[in-house]
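Student: Okay, so here is work-v4.txt, and as you'll see once you scroll down, it has compact mmCIF, N, CA and C atoms.
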# COMPACT_ATOMS: atom_id res chain seq x y z
N MET V 1 3.40 -17.83 -2.47
CA MET V 1 3.91 -17.66 -1.14
C MET V 1 4.07 -19.05 -0.52
N ASN V 2 5.25 -19.31 -0.02
CA ASN V 2 5.45 -20.61 0.59
C ASN V 2 5.01 -20.59 2.06
N PRO V 3 4.82 -21.74 2.68
CA PRO V 3 4.28 -21.77 4.05
C PRO V 3 5.20 -21.16 5.09
N HIS V 4 6.48 -21.01 4.77
CA HIS V 4 7.40 -20.42 5.75
C HIS V 4 7.30 -18.90 5.81
N THR V 5 6.77 -18.28 4.77
CA THR V 5 6.73 -16.82 4.75
C THR V 5 5.45 -16.24 5.35
N PHE V 6 4.38 -17.02 5.42
CA PHE V 6 3.13 -16.48 5.98
C PHE V 6 3.27 -16.06 7.44
N PRO V 7 3.89 -16.86 8.33
CA PRO V 7 4.06 -16.39 9.71
C PRO V 7 4.93 -15.14 9.82
N ILE V 8 5.90 -15.01 8.93
CA ILE V 8 6.74 -13.81 8.96
C ILE V 8 5.90 -12.59 8.64
N ILE V 9 5.08 -12.68 7.62
CA ILE V 9 4.25 -11.55 7.23
C ILE V 9 3.19 -11.27 8.30
N LEU V 10 2.52 -12.29 8.78
CA LEU V 10 1.44 -12.10 9.75
C LEU V 10 1.95 -11.56 11.08
N LEU V 11 2.91 -12.23 11.68
CA LEU V 11 3.44 -11.80 12.98
C LEU V 11 4.23 -10.50 12.86
N GLY V 12 5.00 -10.38 11.78
CA GLY V 12 5.78 -9.15 11.61
C GLY V 12 4.91 -7.93 11.45
N ASN V 13 3.87 -8.03 10.64
CA ASN V 13 2.95 -6.90 10.48
C ASN V 13 2.19 -6.60 11.76
N ALA V 14 1.76 -7.63 12.47
CA ALA V 14 1.04 -7.42 13.73
C ALA V 14 1.92 -6.71 14.75
N LEU V 15 3.16 -7.15 14.90
CA LEU V 15 4.07 -6.49 15.84
C LEU V 15 4.40 -5.07 15.40
N LEU V 16 4.58 -4.87 14.11
CA LEU V 16 4.89 -3.54 13.60
C LEU V 16 3.73 -2.58 13.81
N VAL V 17 2.51 -3.02 13.58
CA VAL V 17 1.35 -2.16 13.79
C VAL V 17 1.19 -1.81 15.27
N LEU V 18 1.35 -2.79 16.15
CA LEU V 18 1.26 -2.52 17.58
C LEU V 18 2.34 -1.56 18.04
N LEU V 19 3.55 -1.74 17.54
CA LEU V 19 4.66 -0.87 17.92
C LEU V 19 4.43 0.55 17.43
N VAL V 20 4.01 0.69 16.18
CA VAL V 20 3.86 2.03 15.60
C VAL V 20 2.67 2.78 16.17
N HIS V 21 1.57 2.09 16.44
CA HIS V 21 0.38 2.81 16.87
C HIS V 21 0.29 3.02 18.38
N PHE V 22 0.94 2.19 19.16
CA PHE V 22 0.76 2.30 20.61
C PHE V 22 2.04 2.62 21.37
N VAL V 23 3.20 2.15 20.94
CA VAL V 23 4.42 2.34 21.73
C VAL V 23 5.23 3.55 21.27
N LEU V 24 5.53 3.64 19.98
CA LEU V 24 6.38 4.73 19.50
C LEU V 24 5.81 6.13 19.72
N PRO V 25 4.49 6.36 19.52
CA PRO V 25 4.00 7.72 19.76
C PRO V 25 4.17 8.18 21.21
N LEU V 26 4.24 7.27 22.15
CA LEU V 26 4.46 7.67 23.55
C LEU V 26 5.82 8.30 23.75
N PHE V 27 6.82 7.85 22.97
CA PHE V 27 8.17 8.35 23.13
C PHE V 27 8.55 9.44 22.14
N ILE V 28 7.97 9.40 20.95
CA ILE V 28 8.38 10.34 19.90
C ILE V 28 7.50 11.59 19.88
N VAL V 29 6.17 11.40 19.95
CA VAL V 29 5.25 12.54 19.88
C VAL V 29 5.11 13.11 21.28
N THR V 30 5.85 14.16 21.55
CA THR V 30 5.81 14.78 22.86
C THR V 30 5.24 16.19 22.74
N GLY V 31 4.86 16.75 23.84
CA GLY V 31 4.32 18.09 23.84
C GLY V 31 2.80 18.09 23.83
N PRO V 32 2.20 19.28 23.85
CA PRO V 32 0.75 19.36 23.93
C PRO V 32 0.03 19.01 22.63
N ASP V 33 0.69 19.15 21.51
CA ASP V 33 0.05 18.90 20.22
C ASP V 33 0.23 17.43 19.84
N ARG V 34 -0.80 16.63 20.00
CA ARG V 34 -0.73 15.20 19.70
C ARG V 34 -1.70 14.81 18.58
N ARG V 35 -1.96 15.73 17.68
CA ARG V 35 -2.89 15.45 16.59
C ARG V 35 -2.32 14.42 15.63
N LYS V 36 -3.23 13.79 14.88
CA LYS V 36 -2.85 12.88 13.81
C LYS V 36 -3.28 13.51 12.50
N LEU V 37 -2.85 12.90 11.42
CA LEU V 37 -3.18 13.43 10.10
C LEU V 37 -4.68 13.36 9.84
N VAL V 38 -5.34 12.34 10.35
CA VAL V 38 -6.78 12.20 10.12
C VAL V 38 -7.60 13.16 11.00
N ASP V 39 -6.97 13.86 11.93
CA ASP V 39 -7.69 14.86 12.73
C ASP V 39 -7.94 16.14 11.95
N LEU V 40 -7.18 16.37 10.90
CA LEU V 40 -7.37 17.55 10.06
C LEU V 40 -8.30 17.19 8.90
N PRO V 41 -9.25 18.07 8.54
CA PRO V 41 -10.15 17.74 7.43
C PRO V 41 -9.41 17.51 6.11
N ARG V 42 -8.46 18.37 5.81
CA ARG V 42 -7.70 18.23 4.57
C ARG V 42 -6.78 17.02 4.63
N GLY V 43 -6.22 16.76 5.80
CA GLY V 43 -5.34 15.60 5.96
C GLY V 43 -6.09 14.29 5.81
N LYS V 44 -7.33 14.26 6.30
CA LYS V 44 -8.14 13.05 6.17
C LYS V 44 -8.43 12.74 4.70
N VAL V 45 -8.72 13.77 3.93
CA VAL V 45 -9.00 13.58 2.50
C VAL V 45 -7.75 13.08 1.78
N TYR V 46 -6.59 13.68 2.07
CA TYR V 46 -5.34 13.25 1.46
C TYR V 46 -5.00 11.81 1.84
N MET V 47 -5.15 11.49 3.11
CA MET V 47 -4.80 10.16 3.61
C MET V 47 -5.67 9.09 2.96
N TYR V 48 -6.97 9.30 2.95
CA TYR V 48 -7.88 8.32 2.36
C TYR V 48 -7.69 8.22 0.85
N SER V 49 -7.41 9.34 0.20
CA SER V 49 -7.18 9.32 -1.25
C SER V 49 -5.94 8.51 -1.60
N LEU V 50 -4.86 8.71 -0.84
CA LEU V 50 -3.64 7.95 -1.10
C LEU V 50 -3.84 6.45 -0.85
N THR V 51 -4.54 6.12 0.21
CA THR V 51 -4.76 4.72 0.54
C THR V 51 -5.66 4.05 -0.51
N ILE V 52 -6.71 4.72 -0.91
CA ILE V 52 -7.60 4.15 -1.93
C ILE V 52 -6.87 4.00 -3.26
N LEU V 53 -6.03 4.96 -3.61
CA LEU V 53 -5.25 4.87 -4.84
C LEU V 53 -4.29 3.67 -4.80
N ALA V 54 -3.62 3.48 -3.68
CA ALA V 54 -2.68 2.36 -3.56
C ALA V 54 -3.41 1.02 -3.65
N VAL V 55 -4.54 0.91 -2.97
CA VAL V 55 -5.31 -0.34 -3.00
C VAL V 55 -5.86 -0.59 -4.41
N ALA V 56 -6.33 0.46 -5.07
CA ALA V 56 -6.85 0.31 -6.43
C ALA V 56 -5.74 -0.12 -7.40
N LEU V 57 -4.55 0.43 -7.25
CA LEU V 57 -3.43 0.01 -8.10
C LEU V 57 -3.08 -1.45 -7.87
N LEU V 58 -3.06 -1.85 -6.62
CA LEU V 58 -2.73 -3.24 -6.30
C LEU V 58 -3.80 -4.20 -6.82
N ILE V 59 -5.06 -3.86 -6.64
CA ILE V 59 -6.14 -4.71 -7.15
C ILE V 59 -6.11 -4.74 -8.68
N GLY V 60 -5.85 -3.61 -9.30
CA GLY V 60 -5.76 -3.56 -10.75
C GLY V 60 -4.63 -4.43 -11.29
N MET V 61 -3.49 -4.43 -10.60
CA MET V 61 -2.38 -5.28 -11.05
C MET V 61 -2.70 -6.75 -10.89
N VAL V 62 -3.42 -7.11 -9.83
CA VAL V 62 -3.77 -8.51 -9.61
C VAL V 62 -4.81 -8.97 -10.63
N VAL V 63 -5.85 -8.16 -10.82
CA VAL V 63 -6.95 -8.56 -11.71
C VAL V 63 -6.50 -8.60 -13.16
N LEU V 64 -5.79 -7.58 -13.60
CA LEU V 64 -5.38 -7.50 -15.00
C LEU V 64 -4.08 -8.24 -15.29
N GLN V 65 -3.37 -8.67 -14.26
CA GLN V 65 -2.09 -9.35 -14.38
C GLN V 65 -1.14 -8.55 -15.28
N LEU V 66 -1.04 -7.25 -14.98
CA LEU V 66 -0.24 -6.36 -15.83
C LEU V 66 1.25 -6.62 -15.77
N PRO V 67 1.87 -6.61 -14.60
CA PRO V 67 3.34 -6.73 -14.63
C PRO V 67 3.77 -8.18 -14.74
N SER V 68 4.90 -8.36 -15.35
CA SER V 68 5.45 -9.70 -15.41
C SER V 68 6.40 -9.95 -14.25
N TYR V 69 6.58 -8.97 -13.39
CA TYR V 69 7.46 -9.08 -12.24
C TYR V 69 6.74 -9.80 -11.09
N ARG V 70 7.46 -10.02 -10.04
CA ARG V 70 6.86 -10.62 -8.84
C ARG V 70 5.95 -9.59 -8.17
N LEU V 71 4.76 -10.01 -7.82
CA LEU V 71 3.79 -9.09 -7.24
C LEU V 71 4.22 -8.60 -5.86
N ASP V 72 4.91 -9.43 -5.10
CA ASP V 72 5.33 -9.00 -3.77
C ASP V 72 6.36 -7.88 -3.82
N LEU V 73 7.21 -7.88 -4.84
CA LEU V 73 8.18 -6.79 -4.98
C LEU V 73 7.49 -5.48 -5.33
N ILE V 74 6.49 -5.56 -6.18
CA ILE V 74 5.75 -4.36 -6.56
C ILE V 74 4.93 -3.85 -5.38
N ALA V 75 4.33 -4.76 -4.62
CA ALA V 75 3.56 -4.35 -3.44
C ALA V 75 4.46 -3.69 -2.42
N PHE V 76 5.68 -4.19 -2.25
CA PHE V 76 6.63 -3.57 -1.33
C PHE V 76 6.97 -2.15 -1.78
N ALA V 77 7.25 -1.97 -3.06
CA ALA V 77 7.56 -0.64 -3.57
C ALA V 77 6.37 0.31 -3.41
N LEU V 78 5.17 -0.20 -3.65
CA LEU V 78 3.97 0.60 -3.48
C LEU V 78 3.76 0.98 -2.02
N LEU V 79 4.04 0.07 -1.12
CA LEU V 79 3.92 0.34 0.31
C LEU V 79 4.92 1.39 0.76
N LEU V 80 6.14 1.32 0.25
CA LEU V 80 7.13 2.34 0.58
C LEU V 80 6.75 3.71 0.02
N ALA V 81 6.21 3.73 -1.19
CA ALA V 81 5.77 5.01 -1.78
C ALA V 81 4.61 5.60 -0.98
N LEU V 82 3.69 4.75 -0.55
CA LEU V 82 2.57 5.22 0.27
C LEU V 82 3.06 5.77 1.60
N GLY V 83 3.97 5.05 2.25
CA GLY V 83 4.52 5.52 3.53
C GLY V 83 5.28 6.82 3.40
N THR V 84 6.04 6.96 2.32
CA THR V 84 6.78 8.20 2.10
C THR V 84 5.83 9.37 1.84
N ALA V 85 4.77 9.14 1.08
CA ALA V 85 3.80 10.21 0.81
C ALA V 85 3.10 10.63 2.10
N ILE V 86 2.74 9.67 2.93
CA ILE V 86 2.09 9.99 4.21
C ILE V 86 3.06 10.74 5.12
N MET V 87 4.32 10.33 5.12
CA MET V 87 5.31 11.02 5.95
C MET V 87 5.48 12.47 5.50
N LEU V 88 5.52 12.69 4.20
CA LEU V 88 5.67 14.06 3.70
C LEU V 88 4.44 14.91 4.01
N LEU V 89 3.24 14.30 3.95
CA LEU V 89 2.04 15.04 4.34
C LEU V 89 2.06 15.39 5.82
N GLU V 90 2.50 14.47 6.66
CA GLU V 90 2.59 14.76 8.09
C GLU V 90 3.62 15.84 8.37
N LYS V 91 4.72 15.81 7.65
CA LYS V 91 5.75 16.83 7.82
C LYS V 91 5.22 18.21 7.43
N LYS V 92 4.40 18.25 6.37
CA LYS V 92 3.89 19.54 5.90
C LYS V 92 2.71 20.04 6.74
N LEU V 93 1.75 19.16 7.05
CA LEU V 93 0.53 19.60 7.72
C LEU V 93 0.64 19.61 9.25
N LEU V 94 1.52 18.79 9.81
CA LEU V 94 1.69 18.71 11.26
C LEU V 94 3.17 18.84 11.62
N PRO V 95 3.78 20.00 11.38
CA PRO V 95 5.23 20.10 11.57
C PRO V 95 5.67 20.05 13.04
N ASP V 96 4.82 20.46 13.96
CA ASP V 96 5.23 20.55 15.37
C ASP V 96 4.98 19.28 16.16
N THR V 97 4.32 18.29 15.59
CA THR V 97 3.98 17.10 16.36
C THR V 97 5.05 16.02 16.31
N ARG V 98 5.92 16.05 15.36
CA ARG V 98 6.96 15.03 15.14
C ARG V 98 6.36 13.67 14.81
N ARG V 99 5.12 13.66 14.33
CA ARG V 99 4.47 12.40 13.96
C ARG V 99 5.10 11.80 12.71
N HIS V 100 5.75 12.62 11.90
CA HIS V 100 6.41 12.08 10.71
C HIS V 100 7.57 11.15 11.08
N LEU V 101 8.13 11.32 12.27
CA LEU V 101 9.19 10.42 12.71
C LEU V 101 8.64 9.02 13.03
N VAL V 102 7.40 8.96 13.52
CA VAL V 102 6.76 7.66 13.76
C VAL V 102 6.54 6.96 12.43
N THR V 103 6.10 7.70 11.43
CA THR V 103 5.91 7.11 10.10
C THR V 103 7.24 6.68 9.50
N LEU V 104 8.29 7.44 9.75
CA LEU V 104 9.61 7.04 9.27
C LEU V 104 10.06 5.74 9.93
N CYS V 105 9.77 5.57 11.21
CA CYS V 105 10.08 4.30 11.89
C CYS V 105 9.25 3.16 11.30
N TRP V 106 8.01 3.45 10.92
CA TRP V 106 7.17 2.43 10.28
C TRP V 106 7.77 2.01 8.94
N ILE V 107 8.26 2.97 8.16
CA ILE V 107 8.89 2.65 6.88
C ILE V 107 10.13 1.79 7.11
N GLY V 108 10.93 2.12 8.11
CA GLY V 108 12.10 1.30 8.42
C GLY V 108 11.73 -0.10 8.86
N GLY V 109 10.65 -0.21 9.66
CA GLY V 109 10.19 -1.53 10.08
C GLY V 109 9.70 -2.37 8.91
N VAL V 110 9.03 -1.74 7.96
CA VAL V 110 8.57 -2.45 6.77
C VAL V 110 9.78 -2.92 5.95
N CYS V 111 10.81 -2.11 5.87
CA CYS V 111 12.02 -2.52 5.14
C CYS V 111 12.69 -3.72 5.81
N VAL V 112 12.77 -3.72 7.13
CA VAL V 112 13.35 -4.86 7.85
C VAL V 112 12.49 -6.09 7.66
N LEU V 113 11.19 -5.93 7.78
CA LEU V 113 10.27 -7.06 7.60
C LEU V 113 10.38 -7.63 6.19
N PHE V 114 10.45 -6.79 5.19
CA PHE V 114 10.57 -7.29 3.83
C PHE V 114 11.94 -7.90 3.57
N ALA V 115 12.97 -7.41 4.24
CA ALA V 115 14.29 -8.03 4.08
C ALA V 115 14.28 -9.45 4.63
N ILE V 116 13.62 -9.66 5.76
CA ILE V 116 13.50 -11.02 6.31
C ILE V 116 12.67 -11.88 5.38
N TYR V 117 11.56 -11.33 4.90
CA TYR V 117 10.69 -12.06 3.97
C TYR V 117 11.43 -12.41 2.68
N GLY V 118 12.16 -11.46 2.15
CA GLY V 118 12.92 -11.71 0.91
C GLY V 118 14.03 -12.72 1.11
N GLY V 119 14.66 -12.69 2.28
CA GLY V 119 15.70 -13.67 2.56
C GLY V 119 15.15 -15.08 2.63
N VAL V 120 13.98 -15.24 3.23
CA VAL V 120 13.37 -16.57 3.33
C VAL V 120 12.82 -17.01 1.98
N THR V 121 12.25 -16.11 1.24
CA THR V 121 11.59 -16.47 -0.02
C THR V 121 12.57 -16.67 -1.16
N TYR V 122 13.52 -15.77 -1.33
CA TYR V 122 14.35 -15.77 -2.53
C TYR V 122 15.73 -16.36 -2.35
N LEU V 123 16.13 -16.66 -1.14
CA LEU V 123 17.47 -17.26 -0.95
C LEU V 123 17.40 -18.73 -0.74
Here is the file; what I need is its structure written in the form of structure tokens.
Tutor:
Amino acid sequence: MNPHTFPIILLGNALLVLLVHFVLPLFIVTGPDRRKLVDLPRGKVYMYSLTILAVALLIGMVVLQLPSYRLDLIAFALLLALGTAIMLLEKKLLPDTRRHLVTLCWIGGVCVLFAIYGGVTYL
């Protein structure tokens, strides 16, 4: 990672997390049902299982040096797969809350952030 990409990742992720957790739910999640996936017992188990699996895969790839590809590209694909799985769980377990749309916005924000990162790193 070159020194120009660290501020993009740090500031971009910080702004994206603040936007997704505090601003977007105010506008997207409307109505009386404002539950999250971790509020359901089954949803909490699924959410933590997916997150632990993704982190274990990433740590395993780093420790064992399995792929010959760039690690940041694989981490991006893993992050998109994790976000998509969480979005599908929210769509299935919390259909009336529209919380899956917040996760979809998070996936789009990660794609924009990685496009900026990729442009600075690989061009």
Student: So how far away is atom N of V:Leu19 from atom CA of V:Leu104, in Å?
Tutor: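 The value is 13.5 Å.
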Student: Can you tell me how far atom CA of V:Leu113 sits from atom CA of V:Asn13, in Å to one decimal?
Tutor: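 Taking atom CA of V:Leu113 as the start and atom CA of V:Asn13 as the end point, the length is 7.9 Å.
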Student: Please give the centre and size of the box around stretch 75-92 of chain V (axis-aligned, containing every atom listed in the file, 6 Å added per side), with values in Å to one decimal and written as lines of an AutoDock Vina configuration file.
Tutor:
center_x = 4.8
center_y = 7.6
center_z = 1.9
size_x = 17.5
size_y = 36.8
size_z = 25.0
Student: List the spatial neighbours of V:Leu82 as a list in words - criterion: any atom at most 7 Å away, only N, CA and C atoms, same-chain residues fewer than 5 positions off excluded.
Tutor: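 These residues fall inside the cut-off: Leu50, Ala77 and Met87 of chain V.
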Student: Using only C-alpha atoms, determine which residues lie at most 10 Å from V:Lys36, disregarding the query and same-chain residues fewer than 4 positions distant; provide the list as a PDB file with N, CA and C atoms, in the coordinates of the input.
Tutor:
ATOM      1  N   LEU V  40      -7.180  16.370  10.900  1.00  0.00           N
ATOM      2  CA  LEU V  40      -7.370  17.550  10.060  1.00  0.00           C
ATOM      3  C   LEU V  40      -8.300  17.190   8.900  1.00  0.00           C
ATOM      4  N   GLY V  43      -6.220  16.760   5.800  1.00  0.00           N
ATOM      5  CA  GLY V  43      -5.340  15.600   5.960  1.00  0.00           C
ATOM      6  C   GLY V  43      -6.090  14.290   5.810  1.00  0.00           C
ATOM      7  N   LYS V  44      -7.330  14.260   6.300  1.00  0.00           N
ATOM      8  CA  LYS V  44      -8.140  13.050   6.170  1.00  0.00           C
ATOM      9  C   LYS V  44      -8.430  12.740   4.700  1.00  0.00           C
ATOM     10  N   GLU V  90       2.500  14.470   6.660  1.00  0.00           N
ATOM     11  CA  GLU V  90       2.590  14.760   8.090  1.00  0.00           C
ATOM     12  C   GLU V  90       3.620  15.840   8.370  1.00  0.00           C
ATOM     13  N   LEU V  93       1.750  19.160   7.050  1.00  0.00           N
ATOM     14  CA  LEU V  93       0.530  19.600   7.720  1.00  0.00           C
ATOM     15  C   LEU V  93       0.640  19.610   9.250  1.00  0.00           C
ATOM     16  N   LEU V  94       1.520  18.790   9.810  1.00  0.00           N
ATOM     17  CA  LEU V  94       1.690  18.710  11.260  1.00  0.00           C
ATOM     18  C   LEU V  94       3.170  18.840  11.620  1.00  0.00           C
ATOM     19  N   THR V  97       4.320  18.290  15.590  1.00  0.00           N
ATOM     20  CA  THR V  97       3.980  17.100  16.360  1.00  0.00           C
ATOM     21  C   THR V  97       5.050  16.020  16.310  1.00  0.00           C
ATOM     22  N   ARG V  99       5.120  13.660  14.330  1.00  0.00           N
ATOM     23  CA  ARG V  99       4.470  12.400  13.960  1.00  0.00           C
ATOM     24  C   ARG V  99       5.100  11.800  12.710  1.00  0.00           C
ATOM     25  N   HIS V 100       5.750  12.620  11.900  1.00  0.00           N
ATOM     26  CA  HIS V 100       6.410  12.080  10.710  1.00  0.00           C
ATOM     27  C   HIS V 100       7.570  11.150  11.080  1.00  0.00           C
TER      28      HIS V 100
END
Student: Could you tell me which of V:Lys92, V:Tyr122, V:Leu66, V:Thr84 comes closest to V:Ile107 if we count all atoms listed in the file?
Tutor: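 Going through V:Lys92, V:Tyr122, V:Leu66, V:Thr84 one by one, the smallest distance to V:Ile107 is for V:Thr84.
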Student: Need to verify the contact set: V:Leu16, 8 Å, all atoms listed in the file, exclusion of same-chain residues closer than 4 positions in sequence. Can you return it as a PyMOL selection string?
Tutor: chain V and resi 10-12+20-22+106+109-110
Student: In Å to one decimal, how far is atom N of V:Val55 from atom CA of V:Lys91?
Tutor: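 Rounded to one decimal, the two atoms are 21.8 Å apart.
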Student: Counting only C-alpha atoms, figure out which residue out of V:Cys105, V:Gly83, V:Val17, V:Leu58 gets nearest to V:Leu71.
Tutor: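 For V:Leu71, the nearest of the given residues is V:Leu58.
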Student: So which one's closest to V:Thr30, V:Leu79, V:Ala115, V:Tyr46, V:Asp96? Using all atoms listed in the file, please.
Tutor: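 For V:Thr30, the nearest of the given residues is V:Asp96.
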Student: Let me make sure I understand: among V:Arg98, V:His4, V:Arg34, V:Arg42, which one has the smallest atom-to-atom distance to V:Thr121 if we use only N, CA and C atoms?
Tutor: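 Closest to V:Thr121 of all the choices is V:His4.
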Student: Kindly write stretch 101-110 of chain V with all heavy atoms to a file, as a JSON list (two decimals), in the first residue's frame.
Tutor:
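Listed below is the output, out-v7.json:
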[["chain", "number", "residue", "atom", "x", "y", "z"],
["V", 101, "LEU", "N", -32.08, -1.89, 2.15],
["V", 101, "LEU", "CA", -31.71, -0.79, 1.27],
["V", 101, "LEU", "C", -30.53, 0.00, 1.83],
["V", 101, "LEU", "O", -29.70, 0.52, 1.07],
["V", 101, "LEU", "CB", -32.92, 0.13, 1.05],
["V", 101, "LEU", "CG", -34.10, -0.50, 0.32],
["V", 101, "LEU", "CD1", -35.26, 0.47, 0.25],
["V", 101, "LEU", "CD2", -33.69, -0.96, -1.06],
["V", 102, "VAL", "N", -30.43, 0.09, 3.15],
["V", 102, "VAL", "CA", -29.27, 0.74, 3.77],
["V", 102, "VAL", "C", -28.02, -0.08, 3.48],
["V", 102, "VAL", "O", -26.96, 0.48, 3.14],
["V", 102, "VAL", "CB", -29.49, 0.90, 5.30],
["V", 102, "VAL", "CG1", -28.25, 1.46, 5.96],
["V", 102, "VAL", "CG2", -30.69, 1.79, 5.57],
["V", 103, "THR", "N", -28.13, -1.39, 3.57],
["V", 103, "THR", "CA", -26.99, -2.26, 3.26],
["V", 103, "THR", "C", -26.63, -2.17, 1.79],
["V", 103, "THR", "O", -25.44, -2.20, 1.43],
["V", 103, "THR", "CB", -27.29, -3.71, 3.66],
["V", 103, "THR", "OG1", -27.73, -3.73, 5.02],
["V", 103, "THR", "CG2", -26.08, -4.60, 3.52],
["V", 104, "LEU", "N", -27.61, -2.03, 0.93],
["V", 104, "LEU", "CA", -27.34, -1.86, -0.50],
["V", 104, "LEU", "C", -26.59, -0.55, -0.75],
["V", 104, "LEU", "O", -25.67, -0.50, -1.57],
["V", 104, "LEU", "CB", -28.64, -1.90, -1.29],
["V", 104, "LEU", "CG", -28.53, -1.84, -2.80],
["V", 104, "LEU", "CD1", -27.79, -3.06, -3.32],
["V", 104, "LEU", "CD2", -29.90, -1.76, -3.43],
["V", 105, "CYS", "N", -26.95, 0.51, -0.04],
["V", 105, "CYS", "CA", -26.21, 1.77, -0.15],
["V", 105, "CYS", "C", -24.78, 1.61, 0.36],
["V", 105, "CYS", "O", -23.85, 2.20, -0.18],
["V", 105, "CYS", "CB", -26.93, 2.87, 0.63],
["V", 105, "CYS", "SG", -28.49, 3.37, -0.10],
["V", 106, "TRP", "N", -24.60, 0.80, 1.41],
["V", 106, "TRP", "CA", -23.25, 0.54, 1.91],
["V", 106, "TRP", "C", -22.41, -0.20, 0.86],
["V", 106, "TRP", "O", -21.25, 0.13, 0.65],
["V", 106, "TRP", "CB", -23.34, -0.29, 3.19],
["V", 106, "TRP", "CG", -22.01, -0.73, 3.71],
["V", 106, "TRP", "CD1", -21.10, 0.03, 4.36],
["V", 106, "TRP", "CD2", -21.45, -2.03, 3.59],
["V", 106, "TRP", "NE1", -20.00, -0.73, 4.66],
["V", 106, "TRP", "CE2", -20.18, -1.98, 4.20],
["V", 106, "TRP", "CE3", -21.88, -3.21, 3.02],
["V", 106, "TRP", "CZ2", -19.36, -3.09, 4.27],
["V", 106, "TRP", "CZ3", -21.06, -4.31, 3.09],
["V", 106, "TRP", "CH2", -19.82, -4.24, 3.70],
["V", 107, "ILE", "N", -23.01, -1.16, 0.18],
["V", 107, "ILE", "CA", -22.30, -1.89, -0.87],
["V", 107, "ILE", "C", -21.91, -0.93, -1.99],
["V", 107, "ILE", "O", -20.79, -0.98, -2.51],
["V", 107, "ILE", "CB", -23.17, -3.06, -1.40],
["V", 107, "ILE", "CG1", -23.33, -4.13, -0.32],
["V", 107, "ILE", "CG2", -22.56, -3.66, -2.66],
["V", 107, "ILE", "CD1", -24.34, -5.20, -0.68],
["V", 108, "GLY", "N", -22.81, -0.05, -2.38],
["V", 108, "GLY", "CA", -22.49, 0.95, -3.40],
["V", 108, "GLY", "C", -21.38, 1.89, -2.97],
["V", 108, "GLY", "O", -20.50, 2.24, -3.75],
["V", 109, "GLY", "N", -21.41, 2.30, -1.69],
["V", 109, "GLY", "CA", -20.35, 3.16, -1.17],
["V", 109, "GLY", "C", -19.00, 2.46, -1.16],
["V", 109, "GLY", "O", -17.97, 3.08, -1.46],
["V", 110, "VAL", "N", -18.99, 1.18, -0.83],
["V", 110, "VAL", "CA", -17.74, 0.41, -0.86],
["V", 110, "VAL", "C", -17.22, 0.31, -2.29],
["V", 110, "VAL", "O", -16.02, 0.42, -2.53],
["V", 110, "VAL", "CB", -17.94, -0.99, -0.23],
["V", 110, "VAL", "CG1", -16.78, -1.90, -0.53],
["V", 110, "VAL", "CG2", -18.14, -0.86, 1.26]]
